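Shown below: upload.txt, with compact mmCIF, C-alpha atoms (C1' of nucleotides).
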```txt
# COMPACT_ATOMS: atom_id res chain seq x y z
CA MET A 149 37.00 -28.95 8.54
CA VAL A 150 37.55 -25.57 10.06
CA LYS A 151 36.70 -24.01 6.73
CA LEU A 152 33.49 -25.98 6.47
CA PHE A 153 32.50 -24.88 9.93
CA PHE A 154 33.19 -21.29 9.05
CA VAL A 155 31.03 -21.43 5.95
CA ARG A 156 28.12 -23.00 7.74
CA SER A 157 28.44 -20.48 10.54
CA ALA A 158 28.41 -17.62 8.06
CA HIS A 159 25.17 -18.92 6.64
CA ILE A 160 23.59 -18.99 10.05
CA ILE A 161 24.70 -15.46 10.80
CA HIS A 162 23.38 -14.38 7.45
CA ARG A 163 20.04 -15.94 8.26
CA MET A 164 19.88 -14.18 11.60
CA GLU A 165 20.68 -10.78 10.15
CA ASN A 166 18.10 -11.27 7.45
CA GLY A 167 15.72 -12.50 10.08
CA ILE A 168 15.73 -9.00 11.56
CA ALA A 169 14.97 -7.48 8.18
CA ASN A 170 12.20 -9.98 7.62
CA LEU A 171 10.69 -9.25 11.01
CA LEU A 172 10.78 -5.53 10.43
CA GLY A 173 9.25 -5.96 6.99
CA ALA A 174 6.37 -7.96 8.41
CA PHE A 175 5.81 -5.46 11.17
CA SER A 176 5.87 -2.50 8.81
CA LEU A 177 3.34 -4.25 6.61
CA ALA A 178 1.05 -4.77 9.57
CA VAL A 179 1.37 -1.13 10.57
CA MET A 180 0.64 0.17 7.09
CA ASP A 181 -2.28 -2.21 6.58
CA ARG A 182 -3.93 -0.72 9.64
CA ILE A 183 -3.10 2.87 8.76
CA GLU A 184 -4.39 2.50 5.22
CA GLN A 185 -7.56 0.78 6.27
CA GLY A 186 -8.34 3.56 8.73
CA ALA A 187 -7.51 6.23 6.17
CA ARG A 188 -9.85 4.68 3.63
CA GLU A 189 -12.64 4.61 6.18
CA VAL A 190 -12.12 8.28 7.01
CA VAL A 191 -11.83 9.81 3.54
CA GLY A 192 -13.36 7.07 1.42
CA ARG A 193 -10.33 7.01 -0.85
CA GLY A 194 -7.08 5.12 -1.09
CA GLY A 195 -3.73 5.38 -2.78
CA GLU A 196 -1.88 8.62 -2.07
CA THR A 197 -5.06 10.63 -1.55
CA PRO A 198 -4.98 10.56 2.27
CA ALA A 199 -1.30 11.52 2.28
CA ALA A 200 -2.08 14.38 -0.10
CA LEU A 201 -4.67 15.75 2.27
CA ILE A 202 -2.18 15.67 5.12
CA VAL A 203 0.60 17.24 3.08
CA ILE A 204 -1.61 20.06 1.80
CA GLY A 205 -2.58 20.71 5.40
CA TYR A 206 1.00 21.49 6.39
CA GLY A 207 0.09 24.72 4.74
CA GLN A 208 3.17 26.36 3.31
CA GLY A 209 1.41 27.25 0.07
CA MET A 210 1.56 23.78 -1.36
CA THR A 211 1.57 23.59 -5.13
CA ASN A 212 0.62 20.80 -7.47
CA ASP A 213 4.23 20.23 -8.41
CA LYS A 214 5.66 20.10 -4.89
CA LEU A 215 2.89 17.69 -4.01
CA ARG A 216 3.78 15.54 -6.97
CA ARG A 217 7.35 15.18 -5.83
CA ILE A 218 6.45 14.48 -2.22
CA LEU A 219 3.94 11.80 -3.14
CA GLY A 220 6.13 10.29 -5.85
CA LEU A 221 3.37 10.40 -8.44
CA SER A 222 3.33 11.49 -12.06
CA HIS A 223 2.26 14.98 -12.89
CA SER A 224 -1.09 14.01 -14.36
CA GLY A 225 -1.75 11.59 -11.55
CA THR A 226 -1.33 14.44 -9.10
CA VAL A 227 -3.63 16.75 -11.05
CA ARG A 228 -6.34 14.09 -11.02
CA LEU A 229 -5.76 13.41 -7.35
CA VAL A 230 -6.32 17.09 -6.59
CA ASP A 231 -9.39 16.99 -8.86
CA ARG A 232 -10.81 14.29 -6.59
CA LEU A 233 -10.05 16.26 -3.45
CA VAL A 234 -11.67 19.33 -4.98
CA SER A 235 -14.78 17.43 -6.06
CA ASP A 236 -14.98 16.05 -2.51
CA ARG A 237 -14.93 19.68 -1.29
CA LEU A 238 -11.87 19.01 0.82
CA VAL A 239 -9.45 21.23 -1.11
CA GLU A 240 -9.65 24.51 -3.02
CA ARG A 241 -7.42 25.68 -5.85
CA ARG A 242 -6.46 29.31 -5.40
CA ALA A 243 -4.13 31.57 -7.35
CA GLY A 244 -0.48 31.14 -6.42
CA LYS A 245 2.04 33.98 -6.24
CA ASP A 246 3.70 32.82 -9.40
CA GLY A 247 1.08 33.09 -12.12
CA ARG A 248 1.71 29.49 -13.13
CA GLU A 249 1.33 27.95 -9.73
CA VAL A 250 -1.87 26.84 -8.08
CA ALA A 251 -2.03 27.29 -4.33
CA LEU A 252 -3.78 24.38 -2.65
CA HIS A 253 -5.79 25.10 0.47
CA LEU A 254 -7.91 22.90 2.70
CA THR A 255 -11.54 23.77 3.11
CA ALA A 256 -13.03 23.65 6.60
CA SER A 257 -14.26 20.14 5.99
CA GLY A 258 -10.89 19.25 4.48
CA ALA A 259 -9.17 20.35 7.67
CA ALA A 260 -11.64 18.31 9.70
CA SER A 261 -11.03 15.20 7.59
CA ARG A 262 -7.32 15.73 7.93
CA ASN A 263 -7.59 15.76 11.71
CA GLU A 264 -9.64 12.58 11.66
CA LEU A 265 -7.06 11.04 9.38
CA LEU A 266 -4.19 11.88 11.69
CA ALA A 267 -6.07 10.67 14.75
CA SER A 268 -6.97 7.42 13.01
CA ARG A 269 -3.34 6.87 12.05
CA ILE A 270 -2.03 7.46 15.56
CA SER A 271 -4.69 5.22 17.00
CA ALA A 272 -3.89 2.44 14.53
CA VAL A 273 -0.23 2.42 15.46
CA THR A 274 -0.91 2.83 19.16
CA SER A 275 -3.16 -0.20 19.21
CA LEU A 276 -0.23 -2.29 18.01
CA LEU A 277 2.21 -0.56 20.30
CA ASP A 278 0.43 -0.76 23.60
CA VAL A 279 1.34 -4.37 24.26
CA LEU A 280 4.76 -3.02 25.15
CA SER A 281 5.63 -1.60 28.54
CA SER A 282 6.36 2.08 28.79
CA ALA A 283 10.06 1.31 29.12
CA GLU A 284 10.02 -0.91 26.06
CA ARG A 285 8.24 1.76 24.06
CA LYS A 286 10.88 4.28 25.05
CA GLN A 287 13.61 1.88 24.01
CA LEU A 288 11.90 1.30 20.68
CA ALA A 289 11.43 5.01 20.12
CA THR A 290 15.10 5.65 20.74
CA LEU A 291 16.14 2.99 18.26
CA ILE A 292 13.75 4.14 15.51
CA ARG A 293 14.78 7.71 16.13
CA GLU A 294 18.44 6.82 15.71
CA LEU A 295 17.67 4.72 12.68
CA LEU A 296 15.92 7.61 10.98
CA ALA A 297 18.47 10.18 12.10
CA ARG A 298 21.29 8.25 10.44
CA GLN A 299 19.61 7.79 7.08
CA ASP A 300 21.10 9.60 4.16
CA THR A 301 18.09 11.52 2.90
CA SER A 302 17.55 14.37 0.50
CA GLU A 303 15.18 17.13 1.48
CA MET A 304 12.51 15.62 -0.75
CA ASP A 305 13.07 12.16 0.78
CA ARG A 306 12.30 13.69 4.15
CA PHE A 307 9.05 15.21 2.98
CA THR A 308 8.14 11.87 1.43
CA ILE A 309 8.85 9.89 4.57
CA CYS A 310 6.93 12.44 6.62
CA ARG A 311 4.00 12.72 4.22
CA MET A 312 1.58 11.23 6.72
CA CYS A 313 3.17 12.61 9.87
CA ASP A 314 1.10 14.26 12.54
CA ASP A 315 2.52 17.73 12.92
CA ARG A 316 0.57 18.13 16.14
CA VAL A 317 2.67 15.50 17.90
CA CYS A 318 5.89 15.36 15.89
CA THR A 319 8.11 17.67 17.83
CA ASN A 320 11.79 17.46 16.86
CA CYS A 321 11.72 15.17 13.87
CA PRO A 322 14.82 12.96 13.87
CA LEU A 323 15.37 13.22 10.13
CA PRO A 324 18.57 15.15 9.40
CA THR A 325 17.68 18.56 8.07
CA SER A 326 21.06 20.10 7.41
CA LYS A 327 23.08 17.17 6.15
CA GLY A 328 23.75 17.39 2.52
CA GLN A 329 22.28 17.85 -0.79
CA HIS A 330 19.17 19.55 -2.03
CA ALA A 331 16.67 17.57 -4.04
CA ARG A 332 15.48 20.85 -5.54
CA MET B 196 -2.45 26.54 39.67
CA VAL B 197 -1.48 23.03 40.53
CA LYS B 198 -4.39 21.78 38.47
CA LEU B 199 -3.31 23.83 35.50
CA PHE B 200 0.17 22.43 35.74
CA PHE B 201 -1.18 18.92 35.87
CA VAL B 202 -3.27 19.40 32.78
CA ARG B 203 -0.41 20.83 30.81
CA SER B 204 1.84 18.02 31.94
CA ALA B 205 -0.69 15.44 30.82
CA HIS B 206 -0.75 17.04 27.41
CA ILE B 207 3.00 16.83 27.13
CA ILE B 208 3.01 13.17 28.13
CA HIS B 209 0.26 12.53 25.63
CA ARG B 210 2.33 14.19 22.96
CA MET B 211 5.34 12.07 23.80
CA GLU B 212 3.41 8.81 23.70
CA ASN B 213 1.86 9.75 20.40
CA GLY B 214 5.27 10.84 19.22
CA ILE B 215 6.36 7.21 19.36
CA ALA B 216 3.37 6.13 17.31
CA ASN B 217 4.03 8.88 14.81
CA LEU B 218 7.67 7.89 14.50
CA LEU B 219 6.80 4.27 13.97
CA GLY B 220 4.17 5.19 11.39
CA ALA B 221 6.68 7.24 9.43
CA PHE B 222 9.26 4.50 9.60
CA SER B 223 6.82 1.82 8.50
CA LEU B 224 5.80 3.99 5.58
CA ALA B 225 9.43 4.36 4.53
CA VAL B 226 9.95 0.60 4.78
CA MET B 227 6.87 -0.24 2.74
CA ASP B 228 7.63 2.40 0.11
CA ARG B 229 10.95 0.71 -0.53
CA ILE B 230 9.57 -2.81 -0.44
CA GLU B 231 6.76 -1.96 -2.84
CA GLN B 232 9.00 -0.13 -5.23
CA GLY B 233 11.36 -3.09 -5.41
CA ALA B 234 8.47 -5.51 -5.81
CA ARG B 235 7.07 -3.52 -8.71
CA GLU B 236 10.43 -3.52 -10.41
CA VAL B 237 10.73 -7.28 -10.04
CA VAL B 238 7.28 -8.45 -11.15
CA GLY B 239 6.07 -5.36 -13.00
CA ARG B 240 2.90 -5.28 -10.96
CA GLY B 241 1.66 -3.62 -7.81
CA GLY B 242 -1.14 -3.97 -5.31
CA GLU B 243 -1.40 -7.39 -3.71
CA THR B 244 0.07 -9.19 -6.72
CA PRO B 245 3.60 -9.56 -5.31
CA ALA B 246 2.22 -10.79 -1.99
CA ALA B 247 0.06 -13.30 -3.86
CA LEU B 248 3.10 -14.73 -5.59
CA ILE B 249 4.86 -15.16 -2.27
CA VAL B 250 1.84 -16.70 -0.58
CA ILE B 251 1.22 -19.17 -3.39
CA GLY B 252 4.87 -20.15 -3.14
CA TYR B 253 4.46 -21.30 0.47
CA GLY B 254 2.98 -24.26 -1.33
CA GLN B 255 0.41 -25.95 0.87
CA GLY B 256 -2.04 -26.35 -2.01
CA MET B 257 -3.15 -22.75 -1.97
CA THR B 258 -6.65 -22.14 -3.26
CA ASN B 259 -8.27 -19.04 -4.61
CA ASP B 260 -10.40 -18.66 -1.53
CA LYS B 261 -7.61 -19.05 1.02
CA LEU B 262 -5.61 -16.54 -0.97
CA ARG B 263 -8.53 -14.13 -0.92
CA ARG B 264 -8.70 -14.17 2.85
CA ILE B 265 -4.96 -13.83 3.34
CA LEU B 266 -4.71 -10.87 0.98
CA GLY B 267 -7.89 -9.24 2.25
CA LEU B 268 -9.33 -8.87 -1.23
CA SER B 269 -12.79 -9.53 -2.64
CA HIS B 270 -13.45 -12.81 -4.34
CA SER B 271 -13.53 -11.40 -7.85
CA GLY B 272 -10.48 -9.27 -7.20
CA THR B 273 -8.59 -12.41 -6.29
CA VAL B 274 -9.76 -14.31 -9.37
CA ARG B 275 -8.54 -11.47 -11.58
CA LEU B 276 -5.29 -11.24 -9.68
CA VAL B 277 -4.68 -14.94 -10.36
CA ASP B 278 -5.68 -14.33 -14.00
CA ARG B 279 -2.85 -11.80 -14.22
CA LEU B 280 -0.35 -14.17 -12.64
CA VAL B 281 -1.44 -16.92 -15.03
CA SER B 282 -1.18 -14.66 -18.08
CA ASP B 283 2.30 -13.68 -16.89
CA ARG B 284 3.12 -17.42 -16.82
CA LEU B 285 4.05 -17.24 -13.15
CA VAL B 286 1.22 -19.40 -11.83
CA GLU B 287 -0.74 -22.41 -13.04
CA ARG B 288 -4.26 -23.43 -12.10
CA ARG B 289 -4.47 -27.16 -11.46
CA ALA B 290 -7.29 -29.35 -10.22
CA GLY B 291 -7.70 -29.33 -6.46
CA LYS B 292 -8.63 -32.37 -4.36
CA ASP B 293 -12.08 -31.00 -3.80
CA GLY B 294 -13.71 -30.75 -7.22
CA ARG B 295 -14.60 -27.14 -6.56
CA GLU B 296 -11.18 -25.94 -5.57
CA VAL B 297 -8.42 -24.77 -7.84
CA ALA B 298 -4.90 -25.62 -6.73
CA LEU B 299 -2.49 -22.78 -7.45
CA HIS B 300 1.07 -23.69 -8.33
CA LEU B 301 4.08 -21.59 -9.26
CA THR B 302 5.70 -22.23 -12.61
CA ALA B 303 9.49 -22.38 -12.76
CA SER B 304 9.62 -18.74 -13.73
CA GLY B 305 7.09 -17.95 -11.01
CA ALA B 306 9.35 -19.53 -8.43
CA ALA B 307 12.29 -17.56 -9.79
CA SER B 308 10.36 -14.28 -9.60
CA ARG B 309 9.31 -15.13 -6.11
CA ASN B 310 12.92 -15.57 -5.05
CA GLU B 311 13.85 -12.24 -6.60
CA LEU B 312 10.92 -10.67 -4.82
CA LEU B 313 12.00 -11.98 -1.45
CA ALA B 314 15.61 -10.98 -2.00
CA SER B 315 14.56 -7.50 -3.07
CA ARG B 316 12.42 -7.12 0.02
CA ILE B 317 15.17 -8.20 2.40
CA SER B 318 17.63 -5.93 0.67
CA ALA B 319 15.27 -2.96 0.87
CA VAL B 320 14.83 -3.33 4.62
CA THR B 321 18.48 -4.10 5.20
CA SER B 322 19.56 -0.91 3.47
CA LEU B 323 17.55 1.06 6.01
CA LEU B 324 18.69 -1.10 8.89
CA ASP B 325 22.41 -1.13 8.40
CA VAL B 326 22.97 2.30 9.87
CA LEU B 327 22.49 0.61 13.22
CA SER B 328 25.21 -1.24 15.05
CA SER B 329 24.92 -4.97 15.41
CA ALA B 330 23.96 -4.52 19.06
CA GLU B 331 21.29 -1.99 18.19
CA ARG B 332 19.86 -4.27 15.55
CA LYS B 333 19.65 -7.07 18.07
CA GLN B 334 17.88 -4.79 20.52
CA LEU B 335 15.44 -3.73 17.84
CA ALA B 336 14.80 -7.31 16.79
CA THR B 337 14.02 -8.29 20.36
CA LEU B 338 11.53 -5.46 20.73
CA ILE B 339 9.74 -6.12 17.45
CA ARG B 340 9.67 -9.80 18.21
CA GLU B 341 8.05 -9.14 21.58
CA LEU B 342 5.66 -6.67 20.03
CA LEU B 343 4.49 -9.21 17.49
CA ALA B 344 4.41 -12.07 19.97
CA ARG B 345 2.01 -10.19 22.23
CA GLN B 346 -0.48 -9.22 19.55
CA ASP B 347 -3.89 -10.80 19.72
CA THR B 348 -4.13 -12.34 16.27
CA SER B 349 -6.40 -14.84 14.63
CA GLU B 350 -4.87 -17.51 12.45
CA MET B 351 -5.85 -15.56 9.36
CA ASP B 352 -4.35 -12.36 10.78
CA ARG B 353 -1.07 -14.18 11.07
CA PHE B 354 -1.10 -15.33 7.48
CA THR B 355 -1.97 -11.78 6.46
CA ILE B 356 0.87 -10.22 8.43
CA CYS B 357 3.26 -12.83 7.08
CA ARG B 358 2.06 -12.61 3.49
CA MET B 359 5.36 -11.22 2.28
CA CYS B 360 7.62 -13.07 4.69
CA ASP B 361 10.72 -14.82 3.51
CA ASP B 362 10.30 -18.42 4.57
CA ARG B 363 13.97 -19.02 3.82
CA VAL B 364 15.06 -16.77 6.68
CA CYS B 365 12.04 -16.66 8.99
CA THR B 366 12.91 -19.33 11.50
CA ASN B 367 10.71 -19.31 14.61
CA CYS B 368 8.10 -16.70 13.76
CA PRO B 369 7.16 -14.74 16.88
CA LEU B 370 3.46 -14.63 16.08
CA PRO B 371 1.48 -16.69 18.59
CA THR B 372 0.25 -19.83 16.91
CA SER B 373 -1.73 -21.52 19.63
CA LYS B 374 -3.39 -18.62 21.42
CA GLY B 375 -7.04 -18.42 20.80
CA GLN B 376 -9.65 -18.40 18.24
CA HIS B 377 -9.86 -19.71 14.72
CA ALA B 378 -10.70 -17.33 11.90
CA ARG B 379 -12.11 -20.32 10.06
C1' DA C 139 12.52 39.22 -28.29
C1' DT C 140 12.86 34.68 -28.68
C1' DA C 141 14.20 30.16 -26.59
C1' DA C 142 14.12 27.33 -22.73
C1' DA C 143 12.36 26.18 -18.33
C1' DT C 144 8.52 25.74 -15.19
C1' DA C 145 3.69 24.71 -13.81
C1' DT C 146 -0.69 23.23 -14.89
C1' DG C 147 -4.40 20.93 -17.42
C1' DT C 148 -6.43 17.19 -20.83
C1' DG C 149 -7.25 12.91 -23.88
C1' DC C 150 -6.63 8.39 -23.53
C1' DG C 151 -5.42 4.02 -21.89
C1' DT C 152 -4.48 0.51 -18.20
C1' DA C 153 -4.08 -1.92 -13.65
C1' DG C 154 -6.30 -3.20 -9.62
C1' DC C 155 -10.23 -3.79 -7.42
C1' DG C 156 -15.51 -4.44 -5.77
C1' DC C 157 -20.51 -5.61 -6.51
C1' DA C 158 -23.89 -8.45 -8.30
C1' DC C 159 -24.81 -12.47 -10.63
C1' DA C 160 -24.05 -17.18 -12.61
C1' DT C 161 -22.34 -21.85 -12.21
C1' DA C 162 -20.41 -26.14 -10.33
C1' DT C 163 -19.46 -29.19 -6.60
C1' DA C 164 -20.03 -30.79 -1.81
C1' DT C 165 -22.69 -31.52 2.56
C1' DG C 166 -26.45 -32.28 5.64
C1' DG C 167 -31.14 -33.14 6.93
C1' DT C 168 -35.35 -35.67 5.97
C1' DA D 109 -32.18 -40.90 -2.62
C1' DC D 110 -33.52 -35.99 -2.75
C1' DC D 111 -33.35 -31.34 -2.11
C1' DA D 112 -31.78 -27.11 0.40
C1' DT D 113 -27.75 -24.98 1.75
C1' DA D 114 -22.94 -24.12 1.90
C1' DT D 115 -18.66 -23.72 -0.51
C1' DA D 116 -15.57 -22.47 -4.43
C1' DT D 117 -14.88 -20.49 -8.69
C1' DG D 118 -15.78 -17.63 -12.79
C1' DT D 119 -17.94 -13.37 -15.39
C1' DG D 120 -20.19 -8.73 -16.71
C1' DC D 121 -19.72 -4.31 -15.49
C1' DG D 122 -18.16 -0.21 -13.42
C1' DC D 123 -15.00 2.72 -10.82
C1' DT D 124 -10.68 4.51 -8.73
C1' DA D 125 -5.98 5.49 -9.09
C1' DC D 126 -2.57 6.11 -11.96
C1' DG D 127 0.90 6.97 -16.19
C1' DC D 128 2.10 8.62 -20.99
C1' DA D 129 1.89 11.95 -24.46
C1' DC D 130 0.39 16.25 -25.66
C1' DA D 131 -1.34 21.10 -25.15
C1' DT D 132 -1.20 25.55 -22.87
C1' DA D 133 0.19 29.40 -19.90
C1' DT D 134 3.64 31.85 -17.48
C1' DT D 135 8.33 32.94 -16.12
C1' DT D 136 13.38 33.18 -16.82
C1' DA D 137 17.52 33.47 -19.46
C1' DT D 138 20.16 34.69 -23.44
```
Can you give me the file's structure in the form of structure tokens?
Amino acid sequence: MVKLFFVRSAHIIHRMENGIANLLGAFSLAVMDRIEQGAREVVGRGGETPAALIVIGYGQGMTNDKLRRILGLSHSGTVRLVDRLVSDRLVERRAGKDGREVALHLTASGAASRNELLASRISAVTSLLDVLSSAERKQLATLIRELLARQDTSEMDRFTICRMCDDRVCTNCPLPTSKGQHAR
Amino acid sequence: MVKLFFVRSAHIIHRMENGIANLLGAFSLAVMDRIEQGAREVVGRGGETPAALIVIGYGQGMTNDKLRRILGLSHSGTVRLVDRLVSDRLVERRAGKDGREVALHLTASGAASRNELLASRISAVTSLLDVLSSAERKQLATLIRELLARQDTSEMDRFTICRMCDDRVCTNCPLPTSKGQHAR
DNA sequence: ATAAATATGTGCGTAGCGCACATATATGGT
DNA sequence: ACCATATATGTGCGCTACGCACATATTTAT
């Protein structure tokens, strides 16, 4: 009898814990739906193309291969993605220091599109967020910040997670930068 | 001098508020990356196909057209999506009550894939979530729940947000069900 | 100097999707 | 009952985004 009660109780707890995961999954889906819709409206392209534009704009001499790893695409997929950005006149291929590398640079209109992209993303999330009070938002920010800070991430993981981040507003990123391993 | 200070201060506040949005955007991206990767491994397909399998499995005589609106796809895109599910033997087209409609039903293997899909999704989110303490998770759940509860959503919006939700664990969905308007 | 590693580009195919059009069934007005 | 309109599905066709296998150029290591 006690045992039966325990088992049933464990099920309920299990359901509650998973309920949190389910809730967060639904919310994340809603957030990304809005971000992706806005991004498509701004640059007229989907998939990883908007993220690529943002990543290239960080501007530390991005190469095709670094980009590939950050976006999690195949090599050829990345080459074709850059082809699209180039044909849209948003990106230029220049000579890299290493004779093999290609240095990716935003054109003026690429930089403009990137800014629109970042603004659209912030606005999409904000529109969901502003039903909360300022205090609630602060609470939420603290929790998400902790959640991210405690993740076990490689350097490349961090770039991947931050591939759409707005470097104009992201002061002190919570992702651990010194923790462990290098992802090369 | 005072004015200058005020302006600068407003900028800083602006940056902080947007910092929350940026953080949440990055986190949502990380969550969806993991969910989508798992989904692709389970069903071998991407895009809205996994969501379609889950939605069809809710089982209230789903039709092609309802599915289309929930997934936010074009009509033909939805027909082809169902074609893929049928050719994968995960879904069957049966006669609907209305002679025009097609009633979509999961096959046994479709139902099994759907369960794997849901489990994979919960596990993906949980693996990110379990760096938080139980108290922190509860706090986070409360905030997300409030955030969702206060959104102004049409009925169709709700189905869309919940298109990957695990009906086995999602007791009392926070999304407002009686609020306003009908999306038809 | 030659082998291996690194970085890029290309041919080719496929998945996922939209537009425009065609078809079948239902509904409403006269 | 009849016909226009609305609703639901299916199809031809094209395009975007992507991966695999292969080719090429440059650098690094032995």
For chain C against chain B, with a cut-off of 12 Å and counting all atoms listed in the file, what is the closest atom pair and its distance in Å to one decimal for every residue that makes the cut, ordered by chain and number, as a Markdown table?
```
| residue | atom | partner | partner_atom | distance |
| --- | --- | --- | --- | --- |
| C:DT152 | C1' | B:Arg240 | CA | 11.8 |
| C:DA153 | C1' | B:Arg240 | CA | 8.2 |
| C:DG154 | C1' | B:Gly242 | CA | 6.8 |
| C:DC155 | C1' | B:Gly272 | CA | 5.5 |
| C:DG156 | C1' | B:Ser269 | CA | 6.6 |
| C:DC157 | C1' | B:Ser271 | CA | 9.2 |
| C:DA158 | C1' | B:Ser271 | CA | 10.8 |
| C:DC159 | C1' | B:Ser271 | CA | 11.7 |
| C:DT161 | C1' | B:Arg295 | CA | 10.9 |
| C:DA162 | C1' | B:Arg295 | CA | 7.0 |
| C:DT163 | C1' | B:Arg295 | CA | 5.3 |
| C:DA164 | C1' | B:Arg295 | CA | 8.1 |
```
Exercise. Compute the set of chain B residues within 6 Å of chain A, using all atoms listed in the file, and express it as a list in words.
Key: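 Therefore, the residues near the partner are Arg210, Gly214, Ile215, Ala216, Ala221, Ser223, Ala225, Ile317, Val320, Thr321, Ala336, Ile356, Cys357, Val364 and Cys365 of chain B.
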Exercise. Within 10 Å of chain B, which residues of chain D are there when counting all atoms listed in the file? Please give them as a ChimeraX atom specification.
Key: /D:115-119
Practice problem: Have a look at CA of Glu240 (chain A) and CA of His253 (chain A) and let me know their distance in Å, one decimal. | Solution: 5.2 Å
Quiz item: CA of Lys245 (chain A) and C1' of DT140 (chain C), how far apart in Å?
Solution: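 Separation of C1' of DT140 (chain C) and CA of Lys245 (chain A): 24.9 Å.
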Practice problem: Go ahead and compute the interatomic distance for CA of Ser257 (chain A) and CA of Leu238 (chain A), in Å to one decimal. | Solution: 5.8 Å
Could you rebuild region 289-300 of chain A with N, CA, C and O atoms and give me the result as a compact mmCIF listing (two decimals), in the frame of the given file?
```txt
# COMPACT_ATOMS: atom_id res chain seq x y z
N ALA A 289 11.41 3.67 20.68
CA ALA A 289 11.43 5.01 20.12
C ALA A 289 12.85 5.49 19.90
O ALA A 289 13.17 6.10 18.87
N THR A 290 13.71 5.22 20.86
CA THR A 290 15.10 5.65 20.74
C THR A 290 15.77 5.00 19.54
O THR A 290 16.47 5.66 18.76
N LEU A 291 15.52 3.70 19.38
CA LEU A 291 16.14 2.99 18.26
C LEU A 291 15.63 3.51 16.91
O LEU A 291 16.42 3.77 16.00
N ILE A 292 14.31 3.66 16.78
CA ILE A 292 13.75 4.14 15.51
C ILE A 292 14.25 5.56 15.23
O ILE A 292 14.58 5.91 14.10
N ARG A 293 14.31 6.34 16.28
CA ARG A 293 14.78 7.71 16.13
C ARG A 293 16.22 7.74 15.60
O ARG A 293 16.54 8.49 14.68
N GLU A 294 17.05 6.91 16.18
CA GLU A 294 18.44 6.82 15.71
C GLU A 294 18.49 6.33 14.27
O GLU A 294 19.23 6.84 13.44
N LEU A 295 17.69 5.31 14.01
CA LEU A 295 17.67 4.72 12.68
C LEU A 295 17.32 5.77 11.63
O LEU A 295 17.95 5.85 10.57
N LEU A 296 16.33 6.57 11.93
CA LEU A 296 15.92 7.61 10.98
C LEU A 296 16.97 8.72 10.91
O LEU A 296 17.27 9.24 9.83
N ALA A 297 17.52 9.07 12.06
CA ALA A 297 18.47 10.18 12.10
C ALA A 297 19.70 9.89 11.25
O ALA A 297 20.31 10.80 10.69
N ARG A 298 20.06 8.61 11.15
CA ARG A 298 21.29 8.25 10.44
C ARG A 298 21.07 7.97 8.96
O ARG A 298 22.01 7.65 8.24
N GLN A 299 19.85 8.03 8.50
CA GLN A 299 19.61 7.79 7.08
C GLN A 299 20.17 8.94 6.25
O GLN A 299 20.17 10.08 6.68
N ASP A 300 20.62 8.58 5.08
CA ASP A 300 21.10 9.60 4.16
C ASP A 300 19.93 10.01 3.27
O ASP A 300 19.59 9.33 2.31
```
